[in-house]
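Visitor: Following this line is input.cif, made up of mmCIF, C-alpha atoms:
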```cif
data_model
loop_
_atom_site.label_atom_id
_atom_site.label_comp_id
_atom_site.auth_asym_id
_atom_site.auth_seq_id
_atom_site.Cartn_x
_atom_site.Cartn_y
_atom_site.Cartn_z
CA MET A 1 105.89 140.11 130.01
CA ALA A 2 103.59 140.75 127.05
CA GLN A 3 103.12 144.23 128.42
CA ALA A 4 106.86 144.85 128.54
CA ALA A 5 107.22 143.73 124.93
CA ALA A 6 104.38 145.99 123.84
CA GLU A 7 105.97 148.85 125.72
CA GLU A 8 109.33 148.28 124.11
CA LYS A 9 107.68 148.40 120.72
CA LEU A 10 105.90 151.60 121.62
CA VAL A 11 109.13 153.24 122.77
CA GLU A 12 110.77 152.20 119.50
CA SER A 13 107.91 153.71 117.49
CA LEU A 14 108.22 156.94 119.45
CA ARG A 15 111.94 157.10 118.92
CA ALA A 16 111.35 156.55 115.22
CA GLY A 17 109.09 159.59 115.23
CA ASP A 18 105.76 157.76 114.86
CA GLU A 19 103.27 160.55 115.44
CA SER A 20 100.20 158.36 115.85
CA ALA A 21 101.95 156.36 118.57
CA PHE A 22 102.66 159.59 120.42
CA ARG A 23 99.09 160.83 119.97
CA GLU A 24 97.74 157.59 121.39
CA LEU A 25 100.06 157.72 124.37
CA VAL A 26 99.09 161.30 125.12
CA ARG A 27 95.37 160.50 124.87
CA GLU A 28 95.75 157.54 127.15
CA TYR A 29 97.69 159.27 129.91
CA GLN A 30 96.77 162.93 129.76
CA PRO A 31 93.63 162.69 131.98
CA SER A 32 95.54 160.79 134.66
CA LEU A 33 98.49 163.15 134.47
CA VAL A 34 96.27 166.15 135.01
CA ARG A 35 94.49 164.49 137.94
CA VAL A 36 97.72 163.59 139.64
CA ALA A 37 99.17 167.04 139.01
CA ARG A 38 96.11 168.52 140.72
CA ILE A 39 97.34 167.00 143.98
CA TYR A 40 100.34 169.29 143.91
CA VAL A 41 99.21 172.46 142.21
CA SER A 42 96.35 174.74 143.06
CA ASN A 43 94.14 174.68 140.00
CA GLN A 44 93.17 172.92 136.80
CA ALA A 45 95.05 175.31 134.50
CA ALA A 46 98.30 174.84 136.42
CA ALA A 47 97.79 171.08 136.38
CA GLU A 48 97.33 171.11 132.62
CA GLU A 49 100.53 173.10 132.26
CA VAL A 50 102.38 170.58 134.40
CA ALA A 51 101.05 167.78 132.19
CA GLN A 52 102.17 169.61 129.03
CA GLU A 53 105.58 170.13 130.54
CA THR A 54 105.71 166.45 131.45
CA TRP A 55 105.31 165.43 127.82
CA LEU A 56 108.20 167.64 126.85
CA GLY A 57 110.21 165.99 129.62
CA VAL A 58 109.19 162.58 128.27
CA LEU A 59 110.39 163.51 124.79
CA ASN A 60 113.64 164.89 126.11
CA GLY A 61 114.29 161.80 128.17
CA LEU A 62 113.03 159.13 125.82
CA ASP A 63 116.41 158.33 124.32
CA ARG A 64 117.70 157.61 127.80
CA PHE A 65 114.71 155.51 128.89
CA GLU A 66 116.04 152.02 129.54
CA GLY A 67 112.90 150.19 130.53
CA ARG A 68 114.05 149.50 134.08
CA SER A 69 110.69 150.68 135.31
CA SER A 70 107.50 150.56 133.30
CA LEU A 71 106.91 153.42 130.91
CA ARG A 72 103.91 154.48 132.99
CA THR A 73 105.91 154.65 136.20
CA TRP A 74 108.66 156.55 134.42
CA ILE A 75 106.22 159.11 132.97
CA PHE A 76 104.59 159.66 136.35
CA ARG A 77 107.94 160.12 138.01
CA ILE A 78 108.68 162.92 135.57
CA LEU A 79 105.27 164.43 136.27
CA THR A 80 105.71 164.24 140.02
CA ASN A 81 109.08 165.95 139.86
CA ILE A 82 107.77 168.76 137.69
CA ALA A 83 104.63 169.15 139.82
CA LYS A 84 106.60 169.27 143.07
CA THR A 85 109.01 171.85 141.70
CA ARG A 86 106.07 173.93 140.59
CA ALA A 87 104.32 173.55 143.95
CA VAL A 88 107.43 174.71 145.79
CA ARG A 89 107.77 177.64 143.44
CA ASP A 90 104.13 178.56 144.08
CA GLY A 91 104.70 178.30 147.82
CA ARG A 92 102.44 175.29 148.31
CA THR A 93 103.46 172.67 150.83
CA LEU A 94 100.21 171.46 152.30
CA PRO A 95 99.19 168.71 149.85
CA PHE A 96 102.25 166.56 150.49
CA SER A 97 101.08 165.65 153.97
CA ALA A 98 97.77 164.50 152.49
CA LEU A 99 99.70 161.81 150.62
CA GLN A 100 102.19 160.89 153.29
CA ASP A 101 99.88 160.79 156.24
CA PRO A 102 96.23 160.78 155.22
CA GLY A 103 95.21 158.94 158.38
CA ARG A 104 96.44 161.75 160.60
CA VAL A 105 93.05 163.44 160.66
CA PRO A 106 90.31 160.89 161.28
CA GLU A 107 87.36 160.94 158.92
CA ALA A 108 84.26 158.78 159.29
CA ALA A 109 82.96 156.85 156.27
CA VAL A 110 79.41 157.47 157.50
CA ASP A 111 78.23 160.34 159.71
CA ALA A 112 78.48 159.37 163.36
CA ASP A 113 74.87 160.40 163.98
CA ARG A 114 73.67 157.61 161.68
CA PHE A 115 74.68 155.17 164.45
CA LEU A 116 73.56 154.47 167.99
CA ASP A 117 75.98 155.32 170.74
CA PRO A 118 78.94 152.92 171.17
CA GLU A 119 77.79 152.63 174.82
CA HIS A 120 74.18 151.83 173.89
CA PRO A 121 73.04 149.07 176.29
CA ARG A 122 71.46 146.84 173.69
CA TRP A 123 72.71 147.84 170.23
CA PRO A 124 76.07 149.59 170.64
CA GLY A 125 77.28 151.16 167.41
CA HIS A 126 74.38 149.79 165.36
CA TRP A 127 72.61 151.72 162.65
CA ALA A 128 70.15 154.29 163.97
CA LEU A 129 69.25 155.37 160.46
CA LYS A 130 69.76 152.38 158.16
CA PRO A 131 70.74 152.63 154.52
CA GLU A 132 67.91 151.80 152.11
CA PRO A 133 68.44 149.80 148.92
CA TRP A 134 68.77 152.01 145.84
CA PRO A 135 66.16 151.63 143.11
CA GLU A 136 67.92 150.73 139.88
CA ASP A 137 66.17 153.33 137.72
CA ALA A 138 67.46 156.12 139.96
CA LEU A 139 71.01 154.97 139.34
CA LEU A 140 70.52 154.86 135.58
CA ALA A 141 69.28 158.46 135.39
CA ALA A 142 71.55 160.84 133.52
CA GLU A 143 71.52 163.16 136.49
CA THR A 144 73.07 160.47 138.66
CA ARG A 145 76.14 160.63 136.49
CA GLU A 146 76.36 164.39 136.95
CA ARG A 147 76.02 164.06 140.71
CA LEU A 148 78.71 161.42 140.74
CA ALA A 149 81.07 163.62 138.76
CA ASP A 150 80.32 166.55 141.10
CA ALA A 151 80.98 164.39 144.16
CA ILE A 152 84.35 163.32 142.78
CA GLU A 153 85.22 166.90 141.85
CA ALA A 154 84.44 167.99 145.41
CA LEU A 155 86.94 165.53 146.95
CA PRO A 156 90.36 166.65 148.20
CA ALA A 157 92.81 166.30 145.30
CA SER A 158 94.66 163.28 146.70
CA GLN A 159 91.42 161.34 147.21
CA ARG A 160 90.16 162.42 143.81
CA ALA A 161 93.34 161.22 142.12
CA VAL A 162 93.21 157.81 143.80
CA ILE A 163 89.52 157.09 143.09
CA SER A 164 89.90 158.31 139.51
CA LEU A 165 92.91 156.15 138.77
CA ARG A 166 91.48 153.10 140.50
CA ASP A 167 87.80 153.23 139.59
CA ILE A 168 87.60 155.31 136.39
CA GLU A 169 90.86 154.33 134.74
CA GLY A 170 90.95 150.86 136.24
CA TRP A 171 94.52 150.90 137.54
CA SER A 172 95.66 148.34 140.11
CA SER A 173 96.52 149.48 143.61
CA GLU A 174 100.17 148.79 142.87
CA GLU A 175 100.15 151.01 139.79
CA VAL A 176 98.54 153.82 141.78
CA ARG A 177 101.07 153.41 144.58
CA ASN A 178 103.94 153.65 142.13
CA ALA A 179 102.57 156.64 140.30
CA LEU A 180 101.75 158.58 143.47
CA GLU A 181 104.61 157.27 145.61
CA LEU A 182 102.14 156.08 148.21
CA SER A 183 102.36 153.33 150.81
CA GLU A 184 99.86 150.50 150.57
CA THR A 185 98.01 151.69 153.66
CA ASN A 186 97.80 155.29 152.52
CA GLN A 187 96.53 154.29 149.11
CA ARG A 188 93.76 152.35 150.84
CA VAL A 189 92.91 155.14 153.26
CA LEU A 190 92.52 157.61 150.40
CA LEU A 191 90.46 155.18 148.33
CA HIS A 192 88.27 154.38 151.32
CA ARG A 193 87.52 158.00 152.05
CA ALA A 194 86.84 158.80 148.44
CA ARG A 195 84.48 155.89 147.87
CA SER A 196 82.70 156.49 151.17
CA LYS A 197 82.03 160.12 150.32
CA VAL A 198 80.86 159.37 146.82
CA ARG A 199 78.50 156.72 148.19
CA ALA A 200 77.14 159.24 150.69
CA ALA A 201 76.56 161.78 147.91
CA LEU A 202 74.71 159.18 145.85
CA GLU A 203 72.59 158.20 148.84
CA GLU A 204 71.60 161.80 149.36
CA TYR A 205 70.73 162.19 145.69
CA VAL A 206 68.65 159.00 145.56
CA LYS A 207 66.77 160.10 148.65
CA GLU A 208 66.08 163.53 147.14
CA ALA A 209 64.99 162.03 143.84
CA GLY A 210 62.62 159.65 145.59
CA THR A 211 60.71 162.33 147.45
CA MET B 1 80.31 131.66 167.14
CA ASN B 2 82.48 131.91 170.20
CA GLU B 3 80.90 134.51 172.46
CA GLN B 4 84.26 135.69 173.63
CA VAL B 5 85.13 136.90 170.19
CA GLU B 6 84.11 140.49 170.20
CA GLN B 7 81.68 141.27 167.45
CA LEU B 8 82.01 144.12 165.02
CA SER B 9 79.55 146.95 165.36
CA CYS B 10 77.98 148.42 162.24
CA ARG B 11 79.90 151.60 162.85
CA GLU B 12 83.18 149.67 162.82
CA LEU B 13 82.19 147.60 159.83
CA VAL B 14 81.69 150.53 157.47
CA GLU B 15 85.31 151.53 158.10
CA LEU B 16 86.55 148.09 157.02
CA VAL B 17 84.68 147.86 153.73
CA THR B 18 87.58 149.01 151.55
CA ASP B 19 90.07 146.77 153.34
CA TYR B 20 87.61 143.91 152.80
CA LEU B 21 87.17 144.62 149.08
CA GLU B 22 90.94 145.07 148.65
CA GLY B 23 91.64 141.75 150.32
CA ALA B 24 93.63 143.50 153.04
CA LEU B 25 91.89 141.99 156.08
CA SER B 26 93.50 139.19 158.05
CA GLU B 27 91.70 135.86 157.98
CA ASP B 28 90.14 136.51 161.41
CA GLU B 29 89.00 139.98 160.48
CA ARG B 30 87.54 138.75 157.24
CA LEU B 31 85.53 136.08 159.05
CA ARG B 32 84.22 138.62 161.54
CA PHE B 33 83.32 140.93 158.69
CA GLU B 34 81.46 138.25 156.75
CA ASP B 35 79.76 136.96 159.87
CA HIS B 36 78.42 140.44 160.53
CA ILE B 37 77.25 140.90 156.92
CA ALA B 38 75.47 137.54 157.05
CA ARG B 39 73.45 138.64 160.06
CA CYS B 40 72.95 142.34 159.42
CA GLY B 41 70.73 143.37 156.51
CA ALA B 42 71.58 147.06 156.82
CA CYS B 43 75.31 146.44 156.51
CA GLY B 44 74.61 144.11 153.59
CA ILE B 45 72.85 147.01 151.88
CA TYR B 46 75.74 149.32 152.73
CA LEU B 47 78.30 146.96 151.20
CA GLU B 48 76.11 146.61 148.12
CA GLN B 49 75.92 150.40 147.79
CA ILE B 50 79.69 150.68 147.89
CA ARG B 51 79.89 148.06 145.15
CA GLU B 52 77.28 149.93 143.09
CA THR B 53 79.22 153.15 143.63
CA ILE B 54 82.39 151.54 142.27
CA VAL B 55 80.55 150.28 139.18
CA LEU B 56 78.91 153.66 138.55
CA VAL B 57 82.17 155.56 138.95
CA GLY B 58 83.72 153.09 136.51
CA HIS B 59 81.21 154.15 133.87
CA LEU B 60 82.09 157.82 134.07
CA PRO B 61 83.78 159.08 130.93
CA GLU B 62 87.46 159.93 131.15
CA ASP B 63 88.39 163.55 130.72
CA GLY B 64 89.51 164.43 127.25
CA LEU B 65 92.43 166.43 125.99
CA SER B 66 91.67 169.82 124.50
CA PRO B 67 92.35 169.99 120.75
CA GLU B 68 94.72 172.94 121.31
CA ALA B 69 96.76 171.05 123.90
CA GLU B 70 96.96 168.04 121.60
CA ARG B 71 98.02 170.17 118.64
CA GLU B 72 100.71 171.81 120.74
CA LEU B 73 102.09 168.47 121.88
CA LEU B 74 102.13 167.03 118.38
CA GLU B 75 103.98 170.09 117.24
CA ALA B 76 106.54 169.55 119.99
CA PHE B 77 106.82 165.93 118.93
CA ARG B 78 107.52 166.88 115.33
CA GLY B 79 110.11 169.41 116.45
CA TRP B 80 111.68 166.77 118.67
CA ARG B 81 112.23 164.41 115.76
CA ALA B 82 113.36 167.08 113.35
CA PRO B 83 116.99 166.95 112.21
CA PRO B 84 119.58 168.53 114.56
CA SER B 85 119.74 171.65 112.36
CA GLY B 86 116.11 172.19 113.38
CA GLY B 87 117.36 173.04 116.84
CA ARG B 88 116.41 169.88 118.68
CA LEU B 89 116.97 170.13 122.40
#
```
With the file now loaded, output its structure as structure tokens.
Guide:
Amino acid sequence: MAQAAAEEKLVESLRAGDESAFRELVREYQPSLVRVARIYVSNQAAAEEVAQETWLGVLNGLDRFEGRSSLRTWIFRILTNIAKTRAVRDGRTLPFSALQDPGRVPEAAVDADRFLDPEHPRWPGHWALKPEPWPEDALLAAETRERLADAIEALPASQRAVISLRDIEGWSSEEVRNALELSETNQRVLLHRARSKVRAALEEYVKEAGT
Amino acid sequence: MNEQVEQLSCRELVELVTDYLEGALSEDERLRFEDHIARCGACGIYLEQIRETIVLVGHLPEDGLSPEAERELLEAFRGWRAPPSGGRL
């Protein structure tokens, strides 16, 4: 409830033309808007344009915003509409299926060859090549951060958006589901794949660094 | 443990880690998961690595907004609140 009251106050400030309130709002949401837009459009520049356009849509609609949904949900709905329109215009259709049915194409969290055969007589499906604990100093290295960022950048856009919103921006699964119009299961599938791949990239890096 | 309850393999467990951390497993599945972790050091390490990954990702800086983009938006905001004669949409 406190959040709703704070939001109402923010909307009032915006309507009154409070520039610092608008600047703060833009700074808070812009990175997430661009990430989500990237799911629908083909490149960073187009995503940034969609985000810019979203803010104009927010300003145009603000007088009609009634607070029936949260401000965040409302802003992301505007973004999604603009991004979809743009994607259609650009002739892109592919990414939608990545959101609606991410489980369609199976993807293993860990390479199958890290495990013994599921029919192995004694240890079916057990680790063949076990994970090793990570030394803490390797994780603290500045390069680890770069590798992490690279690993996230390399993810498919829908996975990248989910892991960014959940783990960088700290959104709840419900907030992510609302913003991306995802089912609970699909949100989890995307998060699972993203985290699994980033872990694998870190593992590879730690191994390299240790040799 | 009841021997008739089929045990999770390591290969199956790694696919349940997110469901486990999200609290999305049923009570039975959760018990099987935790039973496996209790007896399998390698899967314990794996789960720990996923947790470390989440913490590390959480420390990444958020992307910023370019000064030009911000200036442009603030300009739009000023125009938006300008009097009707200013051509507000």
Visitor: Residues of chain A within 8 Å of chain B, using only C-alpha atoms, as an MDAnalysis selection string?
Guide: chainID A and resid 15:17 19 22:23 26:27 30:31 52 55:56 59:60 108:110 112 115 124:127 130:134 145 148:149 167:170 188 191:192 195:196 198:199 202
Visitor: Neighbours of segment 38-49 of chain A within 8 Å (only C-alpha atoms; same-chain residues fewer than 4 positions away dropped), as number ranges by chain?
Guide: A: 34, 53, 83-84, 86-87, 92, 95-96, 157-158, 161
Visitor: Please, what distance in Å, to one decimal, runs between atom CA of Asp113 of chain A and atom CA of His36 of chain B?
Guide: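 One can read the atom CA of Asp113 of chain A to atom CA of His36 of chain B distance as 20.6 Å.
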Visitor: Pick out the residues sitting within 7 Å of segment 30-35 of chain B, and hand them over as number ranges by chain; count only C-alpha atoms, and ignore anything fewer than 2 positions along from it in its own chain.
Guide: B: 7-8, 13, 20, 25-28, 37-39
Visitor: Could you jot down the atom CA of Asn81 of chain A to atom CA of Val58 of chain A separation for me, Å, one decimal place?
Guide: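 Going from atom CA of Asn81 of chain A over to atom CA of Val58 of chain A covers 12.1 Å.
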